[in-house]
Amino acid sequence: MELELRHHLVGLIAGLGAFVAYWAIILNRAATDDVAFTEVAWRGPLLLVLGVGGGLYAVIYILSAVRNRGRVVTDVRDAEIRRAAEEAGAGLTGIASLTALILLGLDVSTFWVAHVLFVGGYLGSLAYSGKAITAYRKGLA
Amino acid sequence: MNAKPLRLPLDDEPQIMTAEQRSVWIYLAATVLATVAYAAIIVPRALDNPVAEVSWVRPMLLAIGGTILLTIVGTIVWSIAAGVRLGLRGRDPEIELESDVRDKEINKRGTTASSTLVGVGLLGVLILTMAGADHFWIGQALYVTGAAGGITEAITKLRLYQRGF
């Protein structure tokens, strides 16, 4: 398996883990804390999953970079796939930021702004990983 | 109609920009223009009033809408003008203005160039929401992220157009 593909898979799994863990915490709190859904204390858990997910990915990335230092581990194909994947994710992320801006304009609570960004960003990363992984398996159409 | 058939450019004739390259130029100009205009309105307001009371939504939506509109209209007008000029010289505007594989590749590389910046910016915005920052600051951070990403993308593309890969 290509090293880059392995990174994409790690990213996919770390992202999925963070996303599921976050919603598990929030839904649990919403059920037990007896407050309105948008009043749940979401700031701590979000910071936690972003920190842990991002940190995990960074550690694995740095470890592999150190282990392979001085060696060429990517080629033109990896770069081409990365570009196609980034293009696939960028659209969704853009839509999420624009939606967040509109929500800010409508003066809704910060809860919604943060969650549009979080979910939109996650979907963007999902499109990124999905495009990259299918490209490794089936080639760039 | 007995017009002469349109021809392809001669070997030593200058190559013209495709419509897509024109749109990058216009987009860059429009983004810079809109951002400067927006800052000129908002910065004095923010300095004179507490930020929570500054009304920034309408100016920002105008800046974003203006950028999009200016890019579309500017690209169409400029491309038509270029097409007419080519036609007068007997060259076929359709072939020369049309997007090609090179445009597509440059587009992708432009997205790649800005994606890290935009990702970090959005993470910053999320952290602002978690820190409970005022909506004014969240909005400004989002705008700056978008504008910086767009400008990076446009400059990267223009460099690729001018200097090759």
# chains A, B, ... in the order shown; residues from 1 in each chain; ligands from 1
call {"tool": "interface_residues", "arguments": {"of": "chain B", "to": "chain A", "cutoff": "6 Å", "atoms": "only C-alpha atoms", "output": "list in words"}}
result
Val57, Thr111, Thr112, Leu126, Thr129 and Met130 of chain B
call {"tool": "closest_atom_pairs", "arguments": {"of": "segment 17-126 of chain B", "to": "segment 162-165 of chain B", "cutoff": "12 Å", "atoms": "only C-alpha atoms", "output": "Markdown table"}}
result
| residue | atom | partner | partner_atom | distance |
| --- | --- | --- | --- | --- |
| B:Met17 | CA | B:Gln162 | CA | 10.2 |
| B:Gln21 | CA | B:Gln162 | CA | 10.1 |
| B:Trp25 | CA | B:Gln162 | CA | 12.0 |
| B:Arg102 | CA | B:Gly164 | CA | 9.7 |
| B:Asp103 | CA | B:Gly164 | CA | 11.4 |
| B:Glu105 | CA | B:Phe165 | CA | 9.6 |
| B:Ile106 | CA | B:Phe165 | CA | 8.5 |
| B:Arg109 | CA | B:Phe165 | CA | 9.6 |
| B:Gly110 | CA | B:Phe165 | CA | 11.7 |
call {"tool": "residues_around", "arguments": {"residues": "segment 5-12 of chain A", "least_positions_apart": "3", "cutoff": "12 Å", "atoms": "only C-alpha atoms", "output": "PyMOL selection string"}}
result
chain A and resi 1-2+15-19+53-65+73-74+77-79+81-82+85-86+122-137
call {"tool": "write_last_selection", "arguments": {"atoms": "C-alpha atoms", "output": "PDB file, in the first residue's frame"}}
result
ATOM      1  CA  MET A   1       0.000   0.000   0.000  1.00  0.00           C
ATOM      2  CA  GLU A   2       1.280   3.473  -0.875  1.00  0.00           C
ATOM      3  CA  GLY A  15     -12.046  12.073  11.320  1.00  0.00           C
ATOM      4  CA  LEU A  16     -14.790   9.491  11.651  1.00  0.00           C
ATOM      5  CA  GLY A  17     -13.759   8.702  15.222  1.00  0.00           C
ATOM      6  CA  ALA A  18     -13.761  12.382  16.224  1.00  0.00           C
ATOM      7  CA  PHE A  19     -17.099  13.047  14.543  1.00  0.00           C
ATOM      8  CA  GLY A  53      -8.294  13.825  16.279  1.00  0.00           C
ATOM      9  CA  GLY A  54      -5.925  16.421  14.846  1.00  0.00           C
ATOM     10  CA  GLY A  55      -3.181  15.492  17.314  1.00  0.00           C
ATOM     11  CA  LEU A  56      -3.450  11.788  16.505  1.00  0.00           C
ATOM     12  CA  TYR A  57      -3.238  12.445  12.789  1.00  0.00           C
ATOM     13  CA  ALA A  58      -0.289  14.800  13.287  1.00  0.00           C
ATOM     14  CA  VAL A  59       1.615  12.291  15.443  1.00  0.00           C
ATOM     15  CA  ILE A  60       1.195   9.499  12.885  1.00  0.00           C
ATOM     16  CA  TYR A  61       2.136  11.847  10.075  1.00  0.00           C
ATOM     17  CA  ILE A  62       5.269  13.105  11.838  1.00  0.00           C
ATOM     18  CA  LEU A  63       6.319   9.581  12.868  1.00  0.00           C
ATOM     19  CA  SER A  64       6.109   8.363   9.300  1.00  0.00           C
ATOM     20  CA  ALA A  65       7.898  11.460   8.016  1.00  0.00           C
ATOM     21  CA  VAL A  73       8.061   8.408  -0.791  1.00  0.00           C
ATOM     22  CA  THR A  74       5.631  10.176  -3.127  1.00  0.00           C
ATOM     23  CA  ARG A  77       0.540   9.956  -9.166  1.00  0.00           C
ATOM     24  CA  ASP A  78       0.265  10.728  -5.435  1.00  0.00           C
ATOM     25  CA  ALA A  79       0.444  14.448  -6.153  1.00  0.00           C
ATOM     26  CA  ILE A  81      -4.545  12.266  -6.657  1.00  0.00           C
ATOM     27  CA  ARG A  82      -4.041  14.749  -3.821  1.00  0.00           C
ATOM     28  CA  ALA A  85      -9.087  15.116  -3.774  1.00  0.00           C
ATOM     29  CA  GLU A  86      -8.492  18.661  -2.564  1.00  0.00           C
ATOM     30  CA  TYR A 122     -16.150  17.159   8.222  1.00  0.00           C
ATOM     31  CA  LEU A 123     -18.157  16.478   5.064  1.00  0.00           C
ATOM     32  CA  GLY A 124     -15.467  18.282   3.084  1.00  0.00           C
ATOM     33  CA  SER A 125     -12.788  16.041   4.602  1.00  0.00           C
ATOM     34  CA  LEU A 126     -14.976  13.011   3.872  1.00  0.00           C
ATOM     35  CA  ALA A 127     -15.225  14.022   0.207  1.00  0.00           C
ATOM     36  CA  TYR A 128     -11.440  14.544   0.218  1.00  0.00           C
ATOM     37  CA  SER A 129     -10.646  11.115   1.684  1.00  0.00           C
ATOM     38  CA  GLY A 130     -13.305   9.379  -0.387  1.00  0.00           C
ATOM     39  CA  LYS A 131     -12.037  10.844  -3.633  1.00  0.00           C
ATOM     40  CA  ALA A 132      -8.419  10.023  -2.763  1.00  0.00           C
ATOM     41  CA  ILE A 133      -9.090   6.435  -1.687  1.00  0.00           C
ATOM     42  CA  THR A 134     -11.282   5.607  -4.693  1.00  0.00           C
ATOM     43  CA  ALA A 135      -8.652   7.187  -6.946  1.00  0.00           C
ATOM     44  CA  TYR A 136      -5.996   4.825  -5.533  1.00  0.00           C
ATOM     45  CA  ARG A 137      -8.281   1.832  -6.085  1.00  0.00           C
TER      46      ARG A 137
END
call {"tool": "residues_around", "arguments": {"residues": "Leu70 of chain B", "least_positions_apart": "4", "cutoff": "7 Å", "atoms": "only C-alpha atoms", "output": "mmCIF file with N, CA and C atoms, in the first residue's frame"}}
result
data_model
loop_
_atom_site.group_PDB
_atom_site.id
_atom_site.type_symbol
_atom_site.label_atom_id
_atom_site.label_comp_id
_atom_site.auth_asym_id
_atom_site.auth_seq_id
_atom_site.Cartn_x
_atom_site.Cartn_y
_atom_site.Cartn_z
ATOM 1 N N ALA B 30 -11.487 42.029 -8.557
ATOM 2 C CA ALA B 30 -12.750 42.244 -7.858
ATOM 3 C C ALA B 30 -12.606 41.957 -6.368
ATOM 4 N N GLY B 66 -20.927 41.526 -4.686
ATOM 5 C CA GLY B 66 -20.273 42.381 -5.675
ATOM 6 C C GLY B 66 -19.115 41.676 -6.355
ATOM 7 N N GLY B 74 -17.625 41.021 -15.705
ATOM 8 C CA GLY B 74 -16.334 41.423 -16.253
ATOM 9 C C GLY B 74 -15.776 40.381 -17.209
#
call {"tool": "select_by_dssp", "arguments": {"residues": "chain B", "states": "helix (DSSP H, G or I)", "output": "PyMOL selection string"}}
result
chain B and resi 19-48+51-53+57-88+93-97+101-130+135-163
call {"tool": "closest_residue", "arguments": {"among": "B:Phe136, B:Ala37, B:Ala113, B:Ala52", "to": "Glu153 of chain B", "atoms": "only C-alpha atoms"}}
result
B:Ala113
call {"tool": "decode", "arguments": {"residues": "segment 134-149 of chain B", "atoms": "all heavy atoms", "output": "PDB file, in the first residue's frame"}}
result
ATOM      1  N   ASP B 134     -17.293  37.430  20.063  1.00  0.00           N
ATOM      2  CA  ASP B 134     -18.424  38.155  19.508  1.00  0.00           C
ATOM      3  C   ASP B 134     -18.615  37.780  18.042  1.00  0.00           C
ATOM      4  O   ASP B 134     -17.655  37.482  17.326  1.00  0.00           O
ATOM      5  CB  ASP B 134     -18.162  39.661  19.621  1.00  0.00           C
ATOM      6  CG  ASP B 134     -19.411  40.446  19.292  1.00  0.00           C
ATOM      7  OD1 ASP B 134     -20.211  40.684  20.213  1.00  0.00           O
ATOM      8  OD2 ASP B 134     -19.598  40.798  18.109  1.00  0.00           O
ATOM      9  N   HIS B 135     -19.885  37.781  17.589  1.00  0.00           N
ATOM     10  CA  HIS B 135     -20.166  37.415  16.194  1.00  0.00           C
ATOM     11  C   HIS B 135     -19.430  38.294  15.200  1.00  0.00           C
ATOM     12  O   HIS B 135     -19.103  37.868  14.098  1.00  0.00           O
ATOM     13  CB  HIS B 135     -21.673  37.457  15.942  1.00  0.00           C
ATOM     14  CG  HIS B 135     -22.367  36.223  16.427  1.00  0.00           C
ATOM     15  ND1 HIS B 135     -23.659  35.930  16.142  1.00  0.00           N
ATOM     16  CD2 HIS B 135     -21.904  35.193  17.173  1.00  0.00           C
ATOM     17  CE1 HIS B 135     -23.988  34.769  16.687  1.00  0.00           C
ATOM     18  NE2 HIS B 135     -22.936  34.319  17.330  1.00  0.00           N
ATOM     19  N   PHE B 136     -19.167  39.528  15.586  1.00  0.00           N
ATOM     20  CA  PHE B 136     -18.393  40.422  14.719  1.00  0.00           C
ATOM     21  C   PHE B 136     -17.059  39.786  14.355  1.00  0.00           C
ATOM     22  O   PHE B 136     -16.683  39.702  13.188  1.00  0.00           O
ATOM     23  CB  PHE B 136     -18.155  41.756  15.444  1.00  0.00           C
ATOM     24  CG  PHE B 136     -17.258  42.703  14.689  1.00  0.00           C
ATOM     25  CD1 PHE B 136     -17.763  43.500  13.686  1.00  0.00           C
ATOM     26  CD2 PHE B 136     -15.899  42.789  14.989  1.00  0.00           C
ATOM     27  CE1 PHE B 136     -16.942  44.370  12.975  1.00  0.00           C
ATOM     28  CE2 PHE B 136     -15.068  43.661  14.295  1.00  0.00           C
ATOM     29  CZ  PHE B 136     -15.595  44.448  13.282  1.00  0.00           C
ATOM     30  N   TRP B 137     -16.344  39.281  15.351  1.00  0.00           N
ATOM     31  CA  TRP B 137     -15.015  38.727  15.093  1.00  0.00           C
ATOM     32  C   TRP B 137     -15.090  37.430  14.301  1.00  0.00           C
ATOM     33  O   TRP B 137     -14.255  37.158  13.442  1.00  0.00           O
ATOM     34  CB  TRP B 137     -14.252  38.505  16.400  1.00  0.00           C
ATOM     35  CG  TRP B 137     -13.892  39.800  17.048  1.00  0.00           C
ATOM     36  CD1 TRP B 137     -14.304  40.264  18.259  1.00  0.00           C
ATOM     37  CD2 TRP B 137     -13.072  40.841  16.499  1.00  0.00           C
ATOM     38  NE1 TRP B 137     -13.806  41.510  18.503  1.00  0.00           N
ATOM     39  CE2 TRP B 137     -13.044  41.892  17.443  1.00  0.00           C
ATOM     40  CE3 TRP B 137     -12.377  40.994  15.291  1.00  0.00           C
ATOM     41  CZ2 TRP B 137     -12.343  43.073  17.217  1.00  0.00           C
ATOM     42  CZ3 TRP B 137     -11.670  42.172  15.080  1.00  0.00           C
ATOM     43  CH2 TRP B 137     -11.662  43.186  16.031  1.00  0.00           C
ATOM     44  N   ILE B 138     -16.126  36.606  14.596  1.00  0.00           N
ATOM     45  CA  ILE B 138     -16.281  35.366  13.841  1.00  0.00           C
ATOM     46  C   ILE B 138     -16.507  35.690  12.368  1.00  0.00           C
ATOM     47  O   ILE B 138     -15.896  35.097  11.470  1.00  0.00           O
ATOM     48  CB  ILE B 138     -17.455  34.535  14.408  1.00  0.00           C
ATOM     49  CG1 ILE B 138     -17.186  34.196  15.883  1.00  0.00           C
ATOM     50  CG2 ILE B 138     -17.666  33.267  13.606  1.00  0.00           C
ATOM     51  CD1 ILE B 138     -18.340  33.513  16.571  1.00  0.00           C
ATOM     52  N   GLY B 139     -17.378  36.685  12.127  1.00  0.00           N
ATOM     53  CA  GLY B 139     -17.667  37.080  10.744  1.00  0.00           C
ATOM     54  C   GLY B 139     -16.430  37.602  10.027  1.00  0.00           C
ATOM     55  O   GLY B 139     -16.149  37.220   8.884  1.00  0.00           O
ATOM     56  N   GLN B 140     -15.661  38.454  10.725  1.00  0.00           N
ATOM     57  CA  GLN B 140     -14.460  39.013  10.079  1.00  0.00           C
ATOM     58  C   GLN B 140     -13.450  37.909   9.772  1.00  0.00           C
ATOM     59  O   GLN B 140     -12.830  37.891   8.701  1.00  0.00           O
ATOM     60  CB  GLN B 140     -13.783  40.082  10.944  1.00  0.00           C
ATOM     61  CG  GLN B 140     -14.700  41.183  11.445  1.00  0.00           C
ATOM     62  CD  GLN B 140     -15.651  41.679  10.398  1.00  0.00           C
ATOM     63  OE1 GLN B 140     -15.253  42.062   9.306  1.00  0.00           O
ATOM     64  NE2 GLN B 140     -16.927  41.652  10.705  1.00  0.00           N
ATOM     65  N   ALA B 141     -13.301  36.969  10.721  1.00  0.00           N
ATOM     66  CA  ALA B 141     -12.343  35.879  10.510  1.00  0.00           C
ATOM     67  C   ALA B 141     -12.747  35.042   9.301  1.00  0.00           C
ATOM     68  O   ALA B 141     -11.908  34.639   8.491  1.00  0.00           O
ATOM     69  CB  ALA B 141     -12.246  35.010  11.762  1.00  0.00           C
ATOM     70  N   LEU B 142     -14.060  34.790   9.165  1.00  0.00           N
ATOM     71  CA  LEU B 142     -14.529  34.025   8.010  1.00  0.00           C
ATOM     72  C   LEU B 142     -14.236  34.772   6.713  1.00  0.00           C
ATOM     73  O   LEU B 142     -13.776  34.194   5.733  1.00  0.00           O
ATOM     74  CB  LEU B 142     -16.039  33.795   8.122  1.00  0.00           C
ATOM     75  CG  LEU B 142     -16.495  32.503   8.775  1.00  0.00           C
ATOM     76  CD1 LEU B 142     -17.997  32.494   8.920  1.00  0.00           C
ATOM     77  CD2 LEU B 142     -16.045  31.319   7.948  1.00  0.00           C
ATOM     78  N   TYR B 143     -14.503  36.070   6.711  1.00  0.00           N
ATOM     79  CA  TYR B 143     -14.277  36.850   5.491  1.00  0.00           C
ATOM     80  C   TYR B 143     -12.804  36.864   5.124  1.00  0.00           C
ATOM     81  O   TYR B 143     -12.428  36.647   3.972  1.00  0.00           O
ATOM     82  CB  TYR B 143     -14.785  38.287   5.667  1.00  0.00           C
ATOM     83  CG  TYR B 143     -14.672  39.082   4.386  1.00  0.00           C
ATOM     84  CD1 TYR B 143     -15.679  39.030   3.439  1.00  0.00           C
ATOM     85  CD2 TYR B 143     -13.549  39.864   4.113  1.00  0.00           C
ATOM     86  CE1 TYR B 143     -15.574  39.717   2.251  1.00  0.00           C
ATOM     87  CE2 TYR B 143     -13.428  40.550   2.924  1.00  0.00           C
ATOM     88  CZ  TYR B 143     -14.449  40.482   2.001  1.00  0.00           C
ATOM     89  OH  TYR B 143     -14.329  41.159   0.817  1.00  0.00           O
ATOM     90  N   VAL B 144     -11.961  37.105   6.128  1.00  0.00           N
ATOM     91  CA  VAL B 144     -10.520  37.173   5.849  1.00  0.00           C
ATOM     92  C   VAL B 144     -10.018  35.822   5.319  1.00  0.00           C
ATOM     93  O   VAL B 144      -9.228  35.766   4.374  1.00  0.00           O
ATOM     94  CB  VAL B 144      -9.741  37.588   7.120  1.00  0.00           C
ATOM     95  CG1 VAL B 144      -8.254  37.412   6.929  1.00  0.00           C
ATOM     96  CG2 VAL B 144     -10.052  39.030   7.462  1.00  0.00           C
ATOM     97  N   THR B 145     -10.506  34.728   5.931  1.00  0.00           N
ATOM     98  CA  THR B 145     -10.110  33.401   5.449  1.00  0.00           C
ATOM     99  C   THR B 145     -10.473  33.226   3.979  1.00  0.00           C
ATOM    100  O   THR B 145      -9.645  32.813   3.160  1.00  0.00           O
ATOM    101  CB  THR B 145     -10.805  32.305   6.277  1.00  0.00           C
ATOM    102  OG1 THR B 145     -10.434  32.465   7.632  1.00  0.00           O
ATOM    103  CG2 THR B 145     -10.426  30.923   5.800  1.00  0.00           C
ATOM    104  N   GLY B 146     -11.733  33.569   3.656  1.00  0.00           N
ATOM    105  CA  GLY B 146     -12.185  33.407   2.275  1.00  0.00           C
ATOM    106  C   GLY B 146     -11.400  34.282   1.310  1.00  0.00           C
ATOM    107  O   GLY B 146     -10.956  33.820   0.258  1.00  0.00           O
ATOM    108  N   ALA B 147     -11.205  35.560   1.685  1.00  0.00           N
ATOM    109  CA  ALA B 147     -10.518  36.484   0.789  1.00  0.00           C
ATOM    110  C   ALA B 147      -9.057  36.069   0.605  1.00  0.00           C
ATOM    111  O   ALA B 147      -8.547  36.049  -0.513  1.00  0.00           O
ATOM    112  CB  ALA B 147     -10.606  37.910   1.335  1.00  0.00           C
ATOM    113  N   ALA B 148      -8.397  35.684   1.721  1.00  0.00           N
ATOM    114  CA  ALA B 148      -6.986  35.290   1.616  1.00  0.00           C
ATOM    115  C   ALA B 148      -6.858  34.034   0.756  1.00  0.00           C
ATOM    116  O   ALA B 148      -5.953  33.933  -0.089  1.00  0.00           O
ATOM    117  CB  ALA B 148      -6.405  35.035   3.012  1.00  0.00           C
ATOM    118  N   GLY B 149      -7.784  33.077   0.948  1.00  0.00           N
ATOM    119  CA  GLY B 149      -7.760  31.870   0.127  1.00  0.00           C
ATOM    120  C   GLY B 149      -7.962  32.190  -1.340  1.00  0.00           C
ATOM    121  O   GLY B 149      -7.240  31.686  -2.210  1.00  0.00           O
TER     122      GLY B 149
END
